[in-house]
file data.pdb (PDB, C-alpha atoms)
ATOM      1  CA  MET A   1      27.499   8.257  17.744
ATOM      2  CA  SER A   2      27.933   5.030  15.830
ATOM      3  CA  ARG A   3      25.540   3.832  13.195
ATOM      4  CA  ARG A   4      24.343   0.254  13.073
ATOM      5  CA  GLY A   5      25.791  -1.888  10.347
ATOM      6  CA  GLY A   6      23.741  -3.015   7.397
ATOM      7  CA  GLU A   7      21.896  -1.315   4.615
ATOM      8  CA  LEU A   8      20.290   2.108   4.409
ATOM      9  CA  LYS A   9      16.517   2.376   4.538
ATOM     10  CA  PRO A  10      15.127   3.013   1.041
ATOM     11  CA  ALA A  11      13.376   6.385   0.801
ATOM     12  CA  TRP A  12      10.410   4.973  -1.113
ATOM     13  CA  LEU A  13       9.486   2.772   1.879
ATOM     14  CA  ARG A  14       8.636   5.844   3.968
ATOM     15  CA  LYS A  15       6.211   7.074   1.302
ATOM     16  CA  THR A  16       4.641   3.704   0.530
ATOM     17  CA  ILE A  17       4.083   2.558   4.113
ATOM     18  CA  PRO A  18       2.903   5.518   6.236
ATOM     19  CA  ASP A  19       2.860   5.569  10.048
ATOM     20  CA  MET A  20      -0.862   4.746  10.361
ATOM     21  CA  CYS A  21      -0.450   1.579   8.284
ATOM     22  CA  PRO A  22      -0.665  -1.818  10.064
ATOM     23  CA  LEU A  23       2.560  -2.770   8.257
ATOM     24  CA  ILE A  24       5.809  -1.842   9.994
ATOM     25  CA  VAL A  25       9.166  -1.157   8.342
ATOM     26  CA  THR A  26      11.888  -2.344  10.693
ATOM     27  CA  ARG A  27      15.367  -3.807  10.692
ATOM     28  CA  CYS A  28      15.855  -7.554  11.130
ATOM     29  CA  SER A  29      18.554  -8.884  13.447
ATOM     30  CA  CYS A  30      20.554  -9.766  10.308
ATOM     31  CA  GLY A  31      20.730  -6.023   9.439
ATOM     32  CA  GLN A  32      18.318  -5.954   6.476
ATOM     33  CA  TYR A  33      15.217  -3.775   6.355
ATOM     34  CA  ILE A  34      12.011  -5.763   6.241
ATOM     35  CA  ILE A  35       8.266  -5.162   6.196
ATOM     36  CA  GLN A  36       6.466  -6.774   9.107
ATOM     37  CA  ASP A  37       2.779  -7.587   8.995
ATOM     38  CA  ARG A  38       1.629  -7.483  12.614
ATOM     39  CA  GLU A  39      -2.074  -7.908  11.955
ATOM     40  CA  ASN A  40      -2.512 -11.476  13.273
ATOM     41  CA  LEU A  41       0.688 -13.518  13.159
ATOM     42  CA  TRP A  42       3.852 -11.469  12.874
ATOM     43  CA  GLU A  43       5.314 -12.186   9.448
ATOM     44  CA  SER A  44       8.439 -10.626   7.957
ATOM     45  CA  TRP A  45       8.729  -9.864   4.243
ATOM     46  CA  ASP A  46      11.563  -8.560   2.059
ATOM     47  CA  TYR A  47      10.663  -5.165   0.652
ATOM     48  CA  GLY A  48      11.560  -5.876  -3.000
ATOM     49  CA  LEU A  49       8.640  -6.221  -5.415
ATOM     50  CA  VAL A  50       8.400  -9.748  -6.837
ATOM     51  CA  GLU A  51       6.780  -9.886 -10.290
ATOM     52  CA  GLY A  52       7.534 -11.236 -13.762
ATOM     53  CA  ASP A  53      10.759 -13.277 -13.906
ATOM     54  CA  ASP A  54      11.349 -12.741 -10.177
ATOM     55  CA  LEU A  55       8.042 -14.497  -9.540
ATOM     56  CA  THR A  56       9.337 -17.572 -11.378
ATOM     57  CA  VAL A  57      12.519 -17.517  -9.271
ATOM     58  CA  ALA A  58      10.485 -17.284  -6.043
ATOM     59  CA  ILE A  59       8.348 -20.271  -7.053
ATOM     60  CA  ILE A  60      11.422 -22.361  -7.968
ATOM     61  CA  LEU A  61      13.090 -21.476  -4.644
ATOM     62  CA  GLU A  62       9.814 -22.299  -2.856
ATOM     63  CA  ARG A  63       9.872 -18.929  -1.086
ATOM     64  CA  PRO A  64       6.503 -18.068   0.512
ATOM     65  CA  LEU A  65       4.806 -15.051  -1.086
ATOM     66  CA  THR A  66       2.198 -12.501  -0.103
ATOM     67  CA  ARG A  67       0.068 -10.455  -2.491
ATOM     68  CA  ILE A  68       0.100  -6.662  -2.203
ATOM     69  CA  ILE A  69      -3.368  -5.132  -2.257
ATOM     70  CA  TRP A  70      -3.595  -1.339  -2.383
ATOM     71  CA  LEU A  71      -6.424   0.201  -0.365
ATOM     72  CA  PRO A  72      -7.174   3.576  -1.986
ATOM     73  CA  SER A  73      -9.735   4.504   0.679
ATOM     74  CA  VAL A  74      -7.099   4.519   3.445
ATOM     75  CA  GLY A  75      -3.971   5.116   1.366
ATOM     76  CA  TYR A  76      -1.801   2.163   2.319
ATOM     77  CA  PRO A  77      -1.159  -1.439   1.223
ATOM     78  CA  LEU A  78      -2.496  -4.628   2.750
ATOM     79  CA  LEU A  79      -0.826  -8.042   2.473
ATOM     80  CA  ARG A  80      -2.677 -11.282   1.702
ATOM     81  CA  SER A  81      -0.806 -14.586   1.825
ATOM     82  CA  VAL A  82      -0.943 -17.089  -1.011
ATOM     83  CA  PHE A  83      -0.149 -20.784  -0.624
ATOM     84  CA  ARG A  84       2.651 -22.016  -2.881
ATOM     85  CA  ASP A  85       1.621 -21.533  -6.512
ATOM     86  CA  ALA A  86      -2.121 -21.657  -5.724
ATOM     87  CA  GLY A  87      -3.588 -18.182  -5.980
ATOM     88  CA  ILE A  88      -0.581 -16.678  -7.755
ATOM     89  CA  LYS A  89      -1.472 -14.584 -10.785
ATOM     90  CA  PRO A  90       1.156 -13.711 -13.415
ATOM     91  CA  ASP A  91       0.137 -10.041 -13.334
ATOM     92  CA  GLY A  92       0.057  -9.847  -9.506
ATOM     93  CA  GLN A  93       2.498  -7.990  -7.273
ATOM     94  CA  TYR A  94       4.062  -9.898  -4.394
ATOM     95  CA  LEU A  95       6.593  -9.731  -1.578
ATOM     96  CA  ALA A  96       8.802 -12.702  -0.682
ATOM     97  CA  MET A  97       9.128 -13.926   2.895
ATOM     98  CA  HIS A  98      12.314 -12.753   4.600
ATOM     99  CA  GLU A  99      14.876 -15.436   5.358
ATOM    100  CA  CYS A 100      17.955 -14.345   7.291
ATOM    101  CA  GLY A 101      21.194 -15.230   5.548
ATOM    102  CA  HIS A 102      19.569 -15.504   2.112
ATOM    103  CA  ALA A 103      19.717 -12.952  -0.666
ATOM    104  CA  ARG A 104      16.579 -11.067  -1.554
ATOM    105  CA  ILE A 105      14.785 -12.188  -4.687
ATOM    106  CA  SER A 106      14.166  -8.600  -5.757
ATOM    107  CA  LEU A 107      15.158  -5.055  -4.800
ATOM    108  CA  LYS A 108      12.623  -3.421  -7.116
ATOM    109  CA  PRO A 109      10.686  -0.614  -5.388
ATOM    110  CA  TRP A 110       6.922  -0.955  -5.118
ATOM    111  CA  LYS A 111       4.801   1.995  -6.203
ATOM    112  CA  PRO A 112       1.112   2.399  -5.408
ATOM    113  CA  PRO A 113      -1.219   2.475  -8.420
ATOM    114  CA  LYS A 114      -2.071   5.826  -9.942
ATOM    115  CA  ARG A 115      -5.314   7.485  -8.977
ATOM    116  CA  GLU A 116      -8.204   6.815 -11.307
ATOM    117  CA  ARG A 117      -9.015  10.513 -11.553
ATOM    118  CA  GLN A 118      -6.465  13.273 -11.072
ATOM    119  CA  PRO A 119      -7.407  15.856  -8.428
ATOM    120  CA  GLY A 120      -8.798  19.082  -9.835
ATOM    121  CA  LYS A 121     -10.248  17.520 -12.976
ATOM    122  CA  PRO A 122     -14.010  17.454 -13.579
ATOM    123  CA  TRP A 123     -15.771  14.460 -12.149
ATOM    124  CA  GLY A 124     -17.837  13.726 -15.248
ATOM    125  CA  GLY A 125     -21.244  13.607 -13.564
ATOM    126  CA  ARG A 126     -24.326  15.647 -14.419
ATOM    127  CA  GLN A 127     -24.186  19.415 -13.994
ATOM    128  CA  PRO A 128     -26.471  20.997 -11.353
ATOM    129  CA  THR A 129     -29.280  23.277 -12.507
ATOM    130  CA  GLU A 130     -29.476  26.974 -11.594
ATOM    131  CA  LYS A 131     -32.323  26.215  -9.169
ATOM    132  CA  GLU A 132     -30.219  23.553  -7.390
ATOM    133  CA  ILE A 133     -27.272  25.940  -7.155
ATOM    134  CA  SER A 134     -29.377  28.757  -5.690
ATOM    135  CA  GLU A 135     -31.014  26.336  -3.214
ATOM    136  CA  PHE A 136     -27.588  25.061  -2.147
ATOM    137  CA  LYS A 137     -26.305  28.627  -1.659
ATOM    138  CA  TRP A 138     -29.374  29.486   0.426
ATOM    139  CA  ILE A 139     -28.931  26.394   2.648
ATOM    140  CA  TRP A 140     -25.187  27.027   2.939
ATOM    141  CA  THR A 141     -25.582  30.647   4.088
ATOM    142  CA  THR A 142     -28.656  30.195   6.316
ATOM    143  CA  PRO A 143     -27.965  29.585  10.031
ATOM    144  CA  PHE A 144     -28.808  26.073  11.210
ATOM    145  CA  SER A 145     -31.382  27.287  13.742
ATOM    146  CA  GLN A 146     -33.444  28.850  10.935
ATOM    147  CA  LEU A 147     -33.230  25.744   8.755
ATOM    148  CA  LYS A 148     -34.871  23.543  11.401
ATOM    149  CA  LYS A 149     -37.988  25.769  11.497
ATOM    150  CA  LYS A 150     -38.889  25.213   7.845
TER     151      LYS A 150
END

call {"tool": "encode", "arguments": {"input": "data.pdb", "output": "structure tokens"}}
result
Amino acid sequence: MSRRGGELKPAWLRKTIPDMCPLIVTRCSCGQYIIQDRENLWESWDYGLVEGDDLTVAIILERPLTRIIWLPSVGYPLLRSVFRDAGIKPDGQYLAMHECGHARISLKPWKPPKRERQPGKPWGGRQPTEKEISEFKWIWTTPFSQLKKK
């Protein structure tokens, strides 16, 4: 069994872009892995994170960019296009459009933002009273047919 030529798929791409995501990680005909946004128009983006000095290079090379927006409710990223330097923020995170035969601007892996609250830690809201706890326990253990009667 022969393997196709080109690069290996970065492991972090599998974690960052899950199967249910509208973004697709695929291989371009030039052999490089790319991220395709197939939401409306099919657009291909290099997977390296463009920020900081790389952002300056992308603007000088006039490479189209898309902003990465993390959706914590669904657990995957969404891409929003920006036009030239309009809409580009210095602290934003971007992907550069893929151009076959050209080097990538960046190979830096993209990591989703950390959760605001770690799982298992207290939520910081008000504490329920003893009466509320006992009422909850009663509702939880009472069959549904008996709850409708009251």

call {"tool": "residues_around", "arguments": {"input": "data.pdb", "residues": "segment 6-22 of chain A", "least_positions_apart": "2", "cutoff": "7 Å", "atoms": "all atoms listed in the file", "output": "PyMOL selection string"}}
result
chain A and resi 4+24+31-33+37-39+76+111

call {"tool": "closest_residue", "arguments": {"input": "data.pdb", "among": "A:Leu65, A:Asp54, A:Cys100, A:Val74", "to": "Ile34 of chain A", "atoms": "all atoms listed in the file"}}
result
A:Cys100

call {"tool": "resolve_selection", "arguments": {"input": "data.pdb", "expression": "the PyMOL selection byres ((chain A and resi 78) around 8)", "output": "number ranges by chain"}}
result
A: 23, 68-71, 76-77, 79-80

call {"tool": "atom_distance", "arguments": {"input": "data.pdb", "atom1": "atom CA of Arg84 of chain A", "atom2": "atom CA of Leu41 of chain A"}}
result
18.3 Å

call {"tool": "atom_distance", "arguments": {"input": "data.pdb", "atom1": "atom CA of His98 of chain A", "atom2": "atom CA of Glu43 of chain A"}}
result
8.5 Å

call {"tool": "atom_distance", "arguments": {"input": "data.pdb", "atom1": "atom CA of His102 of chain A", "atom2": "atom CA of Val25 of chain A"}}
result
18.8 Å

call {"tool": "closest_residue", "arguments": {"input": "data.pdb", "among": "A:Val57, A:Leu147, A:Pro72, A:Glu135", "to": "Lys114 of chain A", "atoms": "all atoms listed in the file"}}
result
A:Pro72

call {"tool": "residues_around", "arguments": {"input": "data.pdb", "residues": "Thr66 of chain A", "least_positions_apart": "6", "cutoff": "7 Å", "atoms": "all atoms listed in the file", "output": "list in words"}}
result
Leu79, Arg80, Ser81, Val82, Tyr94, Leu95 and Ala96 of chain A

call {"tool": "resolve_selection", "arguments": {"input": "data.pdb", "expression": "the PyMOL selection byres ((chain A and resi 106) around 8)", "output": "count of residues only"}}
result
8

call {"tool": "closest_residue", "arguments": {"input": "data.pdb", "among": "A:Ser29, A:Ser73, A:Ser134, A:Gln93", "to": "Pro109 of chain A", "atoms": "only C-alpha atoms"}}
result
A:Gln93

call {"tool": "build_atoms", "arguments": {"input": "data.pdb", "residues": "segment 122-139 of chain A", "atoms": "N, CA and C atoms", "output": "PDB file, in the coordinates of the input"}}
result
ATOM      1  N   PRO A 122     -12.567  17.625 -13.755  1.00  0.00           N
ATOM      2  CA  PRO A 122     -14.010  17.454 -13.579  1.00  0.00           C
ATOM      3  C   PRO A 122     -14.373  15.997 -13.325  1.00  0.00           C
ATOM      4  N   TRP A 123     -15.417  15.815 -12.551  1.00  0.00           N
ATOM      5  CA  TRP A 123     -15.771  14.460 -12.149  1.00  0.00           C
ATOM      6  C   TRP A 123     -16.605  13.725 -13.176  1.00  0.00           C
ATOM      7  N   GLY A 124     -17.146  14.398 -14.159  1.00  0.00           N
ATOM      8  CA  GLY A 124     -17.837  13.726 -15.248  1.00  0.00           C
ATOM      9  C   GLY A 124     -19.292  13.417 -14.989  1.00  0.00           C
ATOM     10  N   GLY A 125     -19.833  13.843 -13.858  1.00  0.00           N
ATOM     11  CA  GLY A 125     -21.244  13.607 -13.564  1.00  0.00           C
ATOM     12  C   GLY A 125     -22.121  14.696 -14.169  1.00  0.00           C
ATOM     13  N   ARG A 126     -23.413  14.648 -13.862  1.00  0.00           N
ATOM     14  CA  ARG A 126     -24.326  15.647 -14.419  1.00  0.00           C
ATOM     15  C   ARG A 126     -24.079  17.000 -13.768  1.00  0.00           C
ATOM     16  N   GLN A 127     -24.366  18.056 -14.489  1.00  0.00           N
ATOM     17  CA  GLN A 127     -24.186  19.415 -13.994  1.00  0.00           C
ATOM     18  C   GLN A 127     -25.444  19.850 -13.239  1.00  0.00           C
ATOM     19  N   PRO A 128     -25.291  20.540 -12.095  1.00  0.00           N
ATOM     20  CA  PRO A 128     -26.471  20.997 -11.353  1.00  0.00           C
ATOM     21  C   PRO A 128     -27.184  22.131 -12.095  1.00  0.00           C
ATOM     22  N   THR A 129     -28.491  22.210 -11.883  1.00  0.00           N
ATOM     23  CA  THR A 129     -29.280  23.277 -12.507  1.00  0.00           C
ATOM     24  C   THR A 129     -29.115  24.567 -11.705  1.00  0.00           C
ATOM     25  N   GLU A 130     -29.549  25.678 -12.281  1.00  0.00           N
ATOM     26  CA  GLU A 130     -29.476  26.974 -11.594  1.00  0.00           C
ATOM     27  C   GLU A 130     -30.310  26.956 -10.311  1.00  0.00           C
ATOM     28  N   LYS A 131     -31.469  26.303 -10.353  1.00  0.00           N
ATOM     29  CA  LYS A 131     -32.323  26.215  -9.169  1.00  0.00           C
ATOM     30  C   LYS A 131     -31.612  25.450  -8.052  1.00  0.00           C
ATOM     31  N   GLU A 132     -30.952  24.337  -8.390  1.00  0.00           N
ATOM     32  CA  GLU A 132     -30.219  23.553  -7.390  1.00  0.00           C
ATOM     33  C   GLU A 132     -29.067  24.350  -6.803  1.00  0.00           C
ATOM     34  N   ILE A 133     -28.388  25.127  -7.637  1.00  0.00           N
ATOM     35  CA  ILE A 133     -27.272  25.940  -7.155  1.00  0.00           C
ATOM     36  C   ILE A 133     -27.772  27.017  -6.202  1.00  0.00           C
ATOM     37  N   SER A 134     -28.854  27.701  -6.567  1.00  0.00           N
ATOM     38  CA  SER A 134     -29.377  28.757  -5.690  1.00  0.00           C
ATOM     39  C   SER A 134     -29.904  28.168  -4.379  1.00  0.00           C
ATOM     40  N   GLU A 135     -30.538  26.988  -4.431  1.00  0.00           N
ATOM     41  CA  GLU A 135     -31.014  26.336  -3.214  1.00  0.00           C
ATOM     42  C   GLU A 135     -29.847  25.931  -2.322  1.00  0.00           C
ATOM     43  N   PHE A 136     -28.775  25.422  -2.917  1.00  0.00           N
ATOM     44  CA  PHE A 136     -27.588  25.061  -2.147  1.00  0.00           C
ATOM     45  C   PHE A 136     -26.985  26.289  -1.472  1.00  0.00           C
ATOM     46  N   LYS A 137     -26.861  27.396  -2.231  1.00  0.00           N
ATOM     47  CA  LYS A 137     -26.305  28.627  -1.659  1.00  0.00           C
ATOM     48  C   LYS A 137     -27.155  29.125  -0.499  1.00  0.00           C
ATOM     49  N   TRP A 138     -28.492  29.041  -0.650  1.00  0.00           N
ATOM     50  CA  TRP A 138     -29.374  29.486   0.426  1.00  0.00           C
ATOM     51  C   TRP A 138     -29.181  28.628   1.677  1.00  0.00           C
ATOM     52  N   ILE A 139     -29.128  27.303   1.509  1.00  0.00           N
ATOM     53  CA  ILE A 139     -28.931  26.394   2.648  1.00  0.00           C
ATOM     54  C   ILE A 139     -27.560  26.619   3.276  1.00  0.00           C
TER      55      ILE A 139
END
